[in-house]
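Visitor: Okay, handing you the structure first.
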There are 2 protein chains.
Amino acid sequence: MNRPTIKDVAAQANVSSATVSLVLRDSPQIPDSTKQRVRDAMTALGYVYNRRAAEMRGMSSQILGLVVANVRNPYFAELTMAIEGAAHASGYTLVLGCSTDDVARQNEVLRAMAERRVDGILLLPASHTSPENLKASLRDPGLPHVLVARGVPGYRSDYVGADNEASGLLVGHHLLQIGAESVAFLGGVQGSVPREDRIRGLLKGLAQRVDSLLADIPLEYDAGADLSSLVDRALAAGPLPDAVVAYNDMHAFGIASALRARNIEPGRDVALASFDNIPEAAQHYPGLTSADGFPARVGQRATELLLQAIKGACPGHERVLIDPDLEVRGSTLAWSPPATSPA
Amino acid sequence: MNRPTIKDVAAQANVSSATVSLVLRDSPQIPDSTKQRVRDAMTALGYVYNRRAAEMRGMSSQILGLVVANVRNPYFAELTMAIEGAAHASGYTLVLGCSTDDVARQNEVLRAMAERRVDGILLLPASHTSPENLKASLRDPGLPHVLVARGVPGYRSDYVGADNEASGLLVGHHLLQIGAESVAFLGGVQGSVPREDRIRGLLKGLAQRVDSLLADIPLEYDAGADLSSLVDRALAAGPLPDAVVAYNDMHAFGIASALRARNIEPGRDVALASFDNIPEAAQHYPGLTSADGFPARVGQRATELLLQAIKGACPGHERVLIDPDLEVRGSTLAWSPPATSPA
DNA sequence: CTGAAAGCGCTTACAG
DNA sequence: CTGAAAGCGCTTACAG
């Protein structure tokens with residue numbers, strides 16, 4: 001026999017399928033005795049509710065879609081876990097798509113989600129996503145959605161992300177405070193919005209003493225990033241800066257190792273700071289000074305906003321920025337300006 | 001107007017809905033001229049295929065479920081990406097559930113997936129999953145499934161994972177070869193099957209000279225693991241071993257930092273090896289010797305096996321172990337036995 | 001308190 | 001080459 005349906009359950013319990021349906025919804029109009037009989041029939045038959053069939057009668061799918069570039073980046077991983085947790089807590093199931101930061105792949109994934117009638121979509125847009133793109137994939141099909149962690153310039157929609165400029169500002173202020181006079185920014189993918197925001201904030205924070213970066217070297221790709229050659233290029237470009245700011249903690253770890261391999265001890269010979277403050281930043285030696293972007297909060301808020309939008313209570317272009325916080329550790333605290341420069 | 005259906009498309013194109021359905025499937029019995037007309041109607045109306053409705057007529061959902069403990073562990077992240085990629089390549093969409101290594105949560109997630117009628121499930125079982133558990137959640141409802149990365153003793157099913165014992169053996173042989181005479185194993189969650197397999201293999205590999213571990217200290221929980229206190233406990237337990245073997249690379253990084261913070265240079269003062277060989281292991285200073293578990297291959301094979309099981313071509317208890325490989329780097333190569341011991 | 005019936009958006013024989 | 005009709009497993013008015 002095939003999977004049992006409410007009809008089978010109804011037959012077993014000697015009621016109509018309508019009654020079974022009402023029992024499933026725990027309707028108050030069914031007396032407990034009948035409910036019990038129906039429930040016994042369900043377990044006897046091993047009945048599993050078919051939400052897909054229910055959906056056909058206008059019910060929602062209770063599925064949310066999440067599209068991220070990848071899940072290897074610990075920041076994205078944390079975000080994904082937070083979103084899965086928030087969705088689960090609200091009775092939603094999560095469909096995951098990885099764009100691998102590729103717009104074509106992203107479009108395929110979004111289309112697949114639309115065909116499966118997800119109730120809404122959380123999108124961390126691939127790097128070169130265009131507004132027209134999102135209009136065609138999300139706005140026109142009428143899919144409720146919120147953009148996460150990265151905005152798409154020129155596209156108005158709900159958005160939740162870290163305040164990258166504020167993060168940069170915190171890092172800049174701190175470096176100013178410890179006396180850094182030359183700063184290089186390493187890592188991140190060229191042209192990405194968070195990267196630009198972080199640099200803009202950083203320069204604002206440093207403005208009192210430093211007016212430009214000693215070096216600004218982006219990566220070609222994020223995956224399999226070659227931090228070692230990045231450090232080579234930075235060292236070839238000029239003198240060792242007082243401080244290196246990495247695009248994120250993962251890049252910072254690679255940079256720290258590359259420096260150490262060249263006999264430059266991070267924290268002592270050069271200050272090192274970065275962004276994200278993933279748990280590993282605290283475990284690293286020296287402890288890595290990092291601006292926390294609170295991915296769990298971003299994911300939580302983004303999910304809440306999406307659920308509101310699905311309910312129809314949608315302003316539609318809310319922009320939520322999560323306040324950053326700077327975790328100061330040995331990688332900048334252990335450094336002090338060279339003696340040659342005046343106090 | 002609501003979402004357009006094939007009926008709307010049919011009206012627009014002056015054909016019946018049956019014809020539209022055939023065009024969707026690109027049936028050869030429909031002439032190109034009609035197909036074109038229908039397709040034009042689709043784009044004009046912004047029609048989006050409703051796979052859920054199709055499913056009601058006996059078609060499959062083209063959805064696979066993946067349940068993992070978390071996605072923060074880089075090994076799991078890599079696995080997840082590989083599975084998402086393989087699923088996508090075969091036209092499947094992936095539903096992701098995180099059990100947070102909690103059996104109750106895992107059961108909820110599996111139930112939600114069953115209600116959504118996924119075609120099959122890939123499960124990385126939570127630590128204390130029982131065979132009865134899986135029987136009730138997977139076998140009885142007739143859900144095709146394959147277990148990934150961790151087996152459940154006493155439960156027969158398709159399984160794909162790294163060969164942890166062989167990995168341990170490789171590490172053990174290598175440590176023997178560089179002359180290590182005392183070895184401590186640090187990290188991993190007490191009682192986990194991969195942990196036990198790794199230790200068993202390690203001891204086999206060392207058997208020629210070493211017959212027991214100097215220390216074997218597991219973690220209470222994986223999340224937010226306190227590697228620093230782990231190292232303290234290891235150092236308190238006795239003399240510095242020749243080699244430390246970490247449960248995985250993430251733990252090894254934490255251990256390396258903790259050692260360095262205590263003025264013990266990993267690679268020079270103590271050999272350090274571990275498991276997984278995540279990309280960061282190569283970037284670390286010193287390069288981390290690590291046994292590669294090839295999560296991408298595990299994910300790929302597991303997905304293939306599941307798709308076969310879904311097609312019904314299922315032996316049902318295939319056990320696939322992916323061959324490991326030892327990547328030897330500075331963290332063990334730079335170490336040499338203390339001069340006091342004879343050559 | 002419970003049942004008969006219509007309908008969600010598709011697919012699939014079956015006619016023509 | 002194309003259409004009418006039945007049916008997938010539910011839910012929801014509407015009767016009784």
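Going through the structure tokens in order, the chains are called A, B, and so on, while each chain numbers its residues from 1 and the ligands are numbered from 1 in the order shown.
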Mind checking which residues fall within 9 Å of stretch 70-87 of chain B, counting only C-alpha atoms (C1' of nucleotides), ignoring those fewer than 5 positions away in the same chain, and posting them as an mmCIF file with N, CA and C atoms, in the first residue's frame?
Guide:
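So selection34.cif came out as:
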```cif
data_model
loop_
_atom_site.group_PDB
_atom_site.id
_atom_site.type_symbol
_atom_site.label_atom_id
_atom_site.label_comp_id
_atom_site.auth_asym_id
_atom_site.auth_seq_id
_atom_site.Cartn_x
_atom_site.Cartn_y
_atom_site.Cartn_z
ATOM 1 N N ASN A 70 28.266 31.223 -0.340
ATOM 2 C CA ASN A 70 28.781 29.933 0.112
ATOM 3 C C ASN A 70 28.565 29.858 1.603
ATOM 4 N N VAL A 71 28.966 28.752 2.165
ATOM 5 C CA VAL A 71 28.700 28.542 3.571
ATOM 6 C C VAL A 71 30.024 28.220 4.267
ATOM 7 N N ARG A 72 31.118 28.375 3.485
ATOM 8 C CA ARG A 72 32.442 28.131 4.003
ATOM 9 C C ARG A 72 32.949 29.295 4.825
ATOM 10 N N ASN A 73 32.631 30.484 4.355
ATOM 11 C CA ASN A 73 32.961 31.691 5.103
ATOM 12 C C ASN A 73 32.235 31.627 6.456
ATOM 13 N N PRO A 74 32.999 31.680 7.566
ATOM 14 C CA PRO A 74 32.365 31.506 8.874
ATOM 15 C C PRO A 74 31.281 32.544 9.159
ATOM 16 N N TYR A 75 31.443 33.737 8.600
ATOM 17 C CA TYR A 75 30.403 34.745 8.806
ATOM 18 C C TYR A 75 29.109 34.273 8.160
ATOM 19 N N PHE A 76 29.191 33.771 6.941
ATOM 20 C CA PHE A 76 27.999 33.270 6.245
ATOM 21 C C PHE A 76 27.442 32.046 6.948
ATOM 22 N N ALA A 77 28.334 31.225 7.468
ATOM 23 C CA ALA A 77 27.892 30.017 8.157
ATOM 24 C C ALA A 77 27.076 30.394 9.391
ATOM 25 N N GLU A 78 27.596 31.349 10.147
ATOM 26 C CA GLU A 78 26.909 31.815 11.355
ATOM 27 C C GLU A 78 25.537 32.384 10.982
ATOM 28 N N THR A 80 23.777 31.692 8.337
ATOM 29 C CA THR A 80 22.909 30.603 7.883
ATOM 30 C C THR A 80 22.307 29.859 9.065
ATOM 31 N N MET A 81 23.142 29.591 10.062
ATOM 32 C CA MET A 81 22.639 28.884 11.238
ATOM 33 C C MET A 81 21.581 29.712 11.961
ATOM 34 N N LEU A 96 18.065 25.846 1.060
ATOM 35 C CA LEU A 96 19.342 26.528 0.925
ATOM 36 C C LEU A 96 19.855 26.469 -0.507
ATOM 37 N N GLY A 97 20.259 27.610 -1.027
ATOM 38 C CA GLY A 97 20.909 27.643 -2.333
ATOM 39 C C GLY A 97 22.240 28.360 -2.209
ATOM 40 N N CYS A 98 23.260 27.820 -2.861
ATOM 41 C CA CYS A 98 24.559 28.488 -2.872
ATOM 42 C C CYS A 98 24.793 29.064 -4.260
ATOM 43 N N ILE B 63 13.131 17.619 -4.305
ATOM 44 C CA ILE B 63 13.754 18.244 -3.142
ATOM 45 C C ILE B 63 14.481 17.175 -2.342
ATOM 46 N N LEU B 64 15.695 17.480 -1.946
ATOM 47 C CA LEU B 64 16.466 16.605 -1.072
ATOM 48 C C LEU B 64 16.606 17.300 0.278
ATOM 49 N N TYR B 92 17.849 19.065 -8.406
ATOM 50 C CA TYR B 92 17.211 19.019 -7.098
ATOM 51 C C TYR B 92 17.497 20.286 -6.309
ATOM 52 N N THR B 93 16.584 20.607 -5.424
ATOM 53 C CA THR B 93 16.769 21.718 -4.515
ATOM 54 C C THR B 93 17.001 21.136 -3.135
ATOM 55 N N LEU B 94 17.770 21.857 -2.326
ATOM 56 C CA LEU B 94 18.166 21.310 -1.033
ATOM 57 C C LEU B 94 17.452 22.000 0.120
ATOM 58 N N LEU B 96 17.694 22.495 4.065
ATOM 59 C CA LEU B 96 18.727 22.336 5.082
ATOM 60 C C LEU B 96 18.144 22.374 6.481
ATOM 61 N N GLY B 97 18.513 21.418 7.290
ATOM 62 C CA GLY B 97 18.125 21.437 8.691
ATOM 63 C C GLY B 97 19.348 21.300 9.556
ATOM 64 N N CYS B 98 19.427 22.087 10.620
ATOM 65 C CA CYS B 98 20.543 21.967 11.553
ATOM 66 C C CYS B 98 20.033 21.341 12.840
ATOM 67 N N SER B 99 20.650 20.246 13.232
ATOM 68 C CA SER B 99 20.185 19.571 14.442
ATOM 69 C C SER B 99 20.840 20.150 15.689
ATOM 70 N N THR B 100 21.875 20.979 15.498
ATOM 71 C CA THR B 100 22.699 21.449 16.607
ATOM 72 C C THR B 100 23.114 20.266 17.476
ATOM 73 N N ASP B 101 23.284 19.128 16.836
ATOM 74 C CA ASP B 101 23.723 17.900 17.493
ATOM 75 C C ASP B 101 22.755 17.449 18.588
ATOM 76 N N LEU B 122 19.662 13.171 3.328
ATOM 77 C CA LEU B 122 21.042 12.932 3.715
ATOM 78 C C LEU B 122 21.175 13.354 5.164
ATOM 79 N N ALA B 149 29.048 10.792 6.935
ATOM 80 C CA ALA B 149 30.139 11.218 7.820
ATOM 81 C C ALA B 149 30.155 10.545 9.198
ATOM 82 N N ALA B 223 30.795 23.206 20.160
ATOM 83 C CA ALA B 223 30.576 24.643 19.969
ATOM 84 C C ALA B 223 31.274 25.431 21.067
ATOM 85 N N MET B 250 40.397 22.641 13.111
ATOM 86 C CA MET B 250 39.934 23.784 13.888
ATOM 87 C C MET B 250 40.467 23.693 15.315
ATOM 88 N N ASP B 276 41.271 16.431 8.708
ATOM 89 C CA ASP B 276 40.353 17.196 7.835
ATOM 90 C C ASP B 276 41.090 17.865 6.668
ATOM 91 N N ASN B 277 42.269 18.443 6.964
ATOM 92 C CA ASN B 277 43.009 19.191 5.949
ATOM 93 C C ASN B 277 42.145 20.235 5.261
ATOM 94 N N ILE B 278 41.521 21.089 6.050
ATOM 95 C CA ILE B 278 40.769 22.195 5.467
ATOM 96 C C ILE B 278 41.758 23.173 4.842
ATOM 97 N N GLY B 293 40.076 14.346 4.648
ATOM 98 C CA GLY B 293 38.898 13.482 4.630
ATOM 99 C C GLY B 293 38.047 13.693 3.389
ATOM 100 N N PHE B 294 38.456 14.607 2.535
ATOM 101 C CA PHE B 294 37.784 14.870 1.260
ATOM 102 C C PHE B 294 36.269 15.022 1.380
ATOM 103 N N PRO B 295 35.830 16.022 2.112
ATOM 104 C CA PRO B 295 34.390 16.212 2.292
ATOM 105 C C PRO B 295 33.648 16.410 0.968
ATOM 106 N N ALA B 296 34.309 17.025 -0.002
ATOM 107 C CA ALA B 296 33.631 17.237 -1.280
ATOM 108 C C ALA B 296 33.304 15.896 -1.932
ATOM 109 N N ARG B 297 34.237 14.943 -1.823
ATOM 110 C CA ARG B 297 33.981 13.616 -2.386
ATOM 111 C C ARG B 297 32.904 12.888 -1.610
ATOM 112 N N VAL B 298 32.968 13.021 -0.298
ATOM 113 C CA VAL B 298 31.950 12.369 0.534
ATOM 114 C C VAL B 298 30.565 12.890 0.144
ATOM 115 N N GLY B 299 30.441 14.203 0.041
ATOM 116 C CA GLY B 299 29.151 14.798 -0.302
ATOM 117 C C GLY B 299 28.676 14.375 -1.677
ATOM 118 N N GLN B 300 29.584 14.358 -2.612
ATOM 119 C CA GLN B 300 29.263 13.981 -3.984
ATOM 120 C C GLN B 300 28.762 12.534 -4.043
ATOM 121 N N ARG B 301 29.523 11.642 -3.441
ATOM 122 C CA ARG B 301 29.152 10.225 -3.465
ATOM 123 C C ARG B 301 27.842 9.977 -2.718
ATOM 124 N N ALA B 302 27.684 10.661 -1.607
ATOM 125 C CA ALA B 302 26.466 10.466 -0.813
ATOM 126 C C ALA B 302 25.243 10.897 -1.624
ATOM 127 N N THR B 303 25.377 11.998 -2.334
ATOM 128 C CA THR B 303 24.250 12.476 -3.138
ATOM 129 C C THR B 303 23.950 11.491 -4.261
ATOM 130 N N GLU B 304 24.994 11.003 -4.913
ATOM 131 C CA GLU B 304 24.790 10.009 -5.974
ATOM 132 C C GLU B 304 24.063 8.780 -5.440
ATOM 133 N N LEU B 307 20.420 9.517 -4.797
ATOM 134 C CA LEU B 307 19.635 9.612 -6.029
ATOM 135 C C LEU B 307 19.350 8.218 -6.582
#
```
Visitor: Find the residues in chain B near chain C: any atom within 9 Å counts, using only C-alpha atoms (C1' of nucleotides). Write them as a list of chain:residue names.
Guide: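 Written out as asked, the residues are B:Thr5, B:Ile6, B:Lys7, B:Ala18, B:Ser21, B:Leu22, B:Asn50, B:Arg51, B:Arg52, B:Ala53, B:Ala54, B:Glu55, B:Met56, B:Arg57, B:Gly58, B:Met59.
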Visitor: Out of stretch 72-302 of chain A, which residues get strand (DSSP E) from DSSP, as a PDB file with C-alpha atoms, in the first residue's frame?
Guide:
```pdb
ATOM      1  CA  THR A  93      11.683  24.976   6.862  1.00  0.00           C
ATOM      2  CA  LEU A  94      14.696  26.376   5.066  1.00  0.00           C
ATOM      3  CA  VAL A  95      15.682  25.762   1.477  1.00  0.00           C
ATOM      4  CA  LEU A  96      19.342  26.528   0.925  1.00  0.00           C
ATOM      5  CA  GLY A  97      20.909  27.643  -2.333  1.00  0.00           C
ATOM      6  CA  CYS A  98      24.559  28.488  -2.872  1.00  0.00           C
ATOM      7  CA  GLY A 120       9.769  34.226   0.900  1.00  0.00           C
ATOM      8  CA  ILE A 121      13.452  34.592   0.211  1.00  0.00           C
ATOM      9  CA  LEU A 122      16.484  35.803   2.105  1.00  0.00           C
ATOM     10  CA  LEU A 123      19.179  36.754  -0.351  1.00  0.00           C
ATOM     11  CA  HIS A 145      12.249  38.982   0.112  1.00  0.00           C
ATOM     12  CA  VAL A 146      14.868  40.699   2.179  1.00  0.00           C
ATOM     13  CA  LEU A 147      18.455  41.322   1.212  1.00  0.00           C
ATOM     14  CA  VAL A 148      21.028  40.280   3.778  1.00  0.00           C
ATOM     15  CA  ASP A 158      14.117  45.418   2.863  1.00  0.00           C
ATOM     16  CA  TYR A 159      17.704  45.045   3.954  1.00  0.00           C
ATOM     17  CA  VAL A 160      19.483  43.831   7.076  1.00  0.00           C
ATOM     18  CA  GLY A 161      23.225  43.895   7.469  1.00  0.00           C
ATOM     19  CA  ALA A 162      26.170  44.830   9.568  1.00  0.00           C
ATOM     20  CA  VAL A 183      47.955  51.510   7.336  1.00  0.00           C
ATOM     21  CA  ALA A 184      47.521  48.902   4.617  1.00  0.00           C
ATOM     22  CA  PHE A 185      44.209  47.255   3.793  1.00  0.00           C
ATOM     23  CA  LEU A 186      44.498  43.694   2.517  1.00  0.00           C
ATOM     24  CA  GLY A 187      41.984  41.202   1.209  1.00  0.00           C
ATOM     25  CA  GLY A 188      38.346  41.268   0.245  1.00  0.00           C
ATOM     26  CA  VAL A 189      37.011  41.081  -3.263  1.00  0.00           C
ATOM     27  CA  ALA A 215      48.413  49.929   0.234  1.00  0.00           C
ATOM     28  CA  ASP A 216      44.999  48.603  -0.741  1.00  0.00           C
ATOM     29  CA  ILE A 217      45.248  45.159  -2.261  1.00  0.00           C
ATOM     30  CA  PRO A 218      42.101  43.187  -2.994  1.00  0.00           C
ATOM     31  CA  LEU A 219      41.735  39.556  -3.953  1.00  0.00           C
ATOM     32  CA  ALA A 243      49.117  48.422  10.882  1.00  0.00           C
ATOM     33  CA  VAL A 244      47.539  45.925   8.534  1.00  0.00           C
ATOM     34  CA  VAL A 245      43.771  45.821   8.350  1.00  0.00           C
ATOM     35  CA  ALA A 246      42.389  42.633   6.857  1.00  0.00           C
ATOM     36  CA  ALA A 271      49.480  45.750  14.319  1.00  0.00           C
ATOM     37  CA  LEU A 272      46.797  43.586  12.780  1.00  0.00           C
ATOM     38  CA  ALA A 273      43.066  44.191  12.898  1.00  0.00           C
ATOM     39  CA  SER A 274      40.109  42.903  10.967  1.00  0.00           C
ATOM     40  CA  PHE A 275      36.368  42.392  10.747  1.00  0.00           C
ATOM     41  CA  ASP A 276      33.752  39.798  11.806  1.00  0.00           C
ATOM     42  CA  THR A 289      41.436  42.676  17.279  1.00  0.00           C
ATOM     43  CA  SER A 290      38.252  42.536  15.240  1.00  0.00           C
ATOM     44  CA  ALA A 291      35.019  44.447  14.655  1.00  0.00           C
ATOM     45  CA  ASP A 292      32.084  42.189  15.416  1.00  0.00           C
TER      46      ASP A 292
END
```
Visitor: So, with only C-alpha atoms as the atoms that count, which of B:Gly191, B:Gly287, B:Pro153, B:Pro337 lies closest to chain A?
Guide: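 Between B:Gly191, B:Gly287, B:Pro153, B:Pro337, the residue approaching chain A most closely is B:Gly287.
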Visitor: Find, counting only C-alpha atoms, the residue in A:Arg150, A:Arg209, A:His128, A:Arg116 that gets nearest to chain B.
Guide: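 Among A:Arg150, A:Arg209, A:His128, A:Arg116, it is A:Arg116 that comes nearest to chain B.
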Visitor: So, with only C-alpha atoms as the atoms that count, which of A:Ala261, A:Ala89, A:Val20, A:Ile178 lies closest to chain B?
Guide: A:Ala261
Visitor: Ranking B:Asp197, B:Asp102, B:Asp323, B:Glu108 by minimum distance to chain A and counting only C-alpha atoms, which one comes first?
Guide: B:Glu108
Visitor: For stretch 38-42 of chain B, work out the shell of residues within 9 Å, counting only C-alpha atoms (C1' of nucleotides) and skipping chain neighbours fewer than 4 positions away, then give it as an MDAnalysis selection string.
Guide: chainID B and resid 4 6 8:15 19:20 23:24 33:34 46:48
Visitor: Find, counting only C-alpha atoms, the residue in A:Val152, A:Ala166, A:Leu138, A:Ala237 that gets nearest to chain B.
Guide: A:Leu138
Visitor: Which one of A:Gly142, A:Gly201, A:Gly151, A:Pro338 sits closest to chain B if you count only C-alpha atoms?
Guide: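 So, comparing all the options, the nearest one is A:Gly142.
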Visitor: Using atom CA of B:Ala136 and atom CA of A:Arg117 as the two end points, give the distance in Å to one decimal.
Guide: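 If I compute the distance from atom CA of B:Ala136 to atom CA of A:Arg117, I get 28.6 Å.
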Visitor: For A:Ala256, find every residue with an atom within 9 Å (counting only C-alpha atoms (C1' of nucleotides)), except residues of its own chain fewer than 5 positions away, and show them as a list of chain:residue names.
Guide: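 Counting only C-alpha atoms (C1' of nucleotides), the residues come to A:His251, A:Ala261, A:Ile264, A:Glu265, A:Pro266, A:Leu272, B:His284, B:Tyr285.
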Visitor: Give me the residues near B:Leu240 as a PDB file with N, CA and C atoms, in the first residue's frame, where near means some atom within 9 Å (using only C-alpha atoms (C1' of nucleotides)) and where sequence neighbours in that chain fewer than 3 positions away do not count.
Guide:
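Written output follows (selection06.pdb):
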```pdb
ATOM      1  N   SER B 182      56.073   9.801  22.313  1.00  0.00           N
ATOM      2  CA  SER B 182      54.929  10.027  23.203  1.00  0.00           C
ATOM      3  C   SER B 182      53.942  10.918  22.466  1.00  0.00           C
ATOM      4  N   ALA B 184      49.924  12.719  22.532  1.00  0.00           N
ATOM      5  CA  ALA B 184      48.669  13.069  23.209  1.00  0.00           C
ATOM      6  C   ALA B 184      47.609  13.358  22.159  1.00  0.00           C
ATOM      7  N   ALA B 234      46.224  19.190  29.508  1.00  0.00           N
ATOM      8  CA  ALA B 234      47.207  18.255  28.938  1.00  0.00           C
ATOM      9  C   ALA B 234      48.580  18.488  29.564  1.00  0.00           C
ATOM     10  N   LEU B 235      48.948  19.755  29.732  1.00  0.00           N
ATOM     11  CA  LEU B 235      50.273  20.074  30.274  1.00  0.00           C
ATOM     12  C   LEU B 235      50.357  19.706  31.751  1.00  0.00           C
ATOM     13  N   ALA B 243      54.487  14.581  20.347  1.00  0.00           N
ATOM     14  CA  ALA B 243      53.509  14.994  19.343  1.00  0.00           C
ATOM     15  C   ALA B 243      52.127  15.155  19.952  1.00  0.00           C
ATOM     16  N   ASP B 269      58.883  22.783  19.069  1.00  0.00           N
ATOM     17  CA  ASP B 269      58.966  22.156  20.385  1.00  0.00           C
ATOM     18  C   ASP B 269      58.085  20.913  20.510  1.00  0.00           C
ATOM     19  N   VAL B 270      57.085  20.865  19.683  1.00  0.00           N
ATOM     20  CA  VAL B 270      56.182  19.712  19.706  1.00  0.00           C
ATOM     21  C   VAL B 270      55.615  19.547  18.299  1.00  0.00           C
TER      22      VAL B 270
END
```
Visitor: DSSP on the backbone: what in stretch 99-260 of chain A comes out helix (DSSP H, G or I), as number ranges by chain?
Guide: A: 103-115, 131-139, 164-178, 193-206, 227-237, 249-260
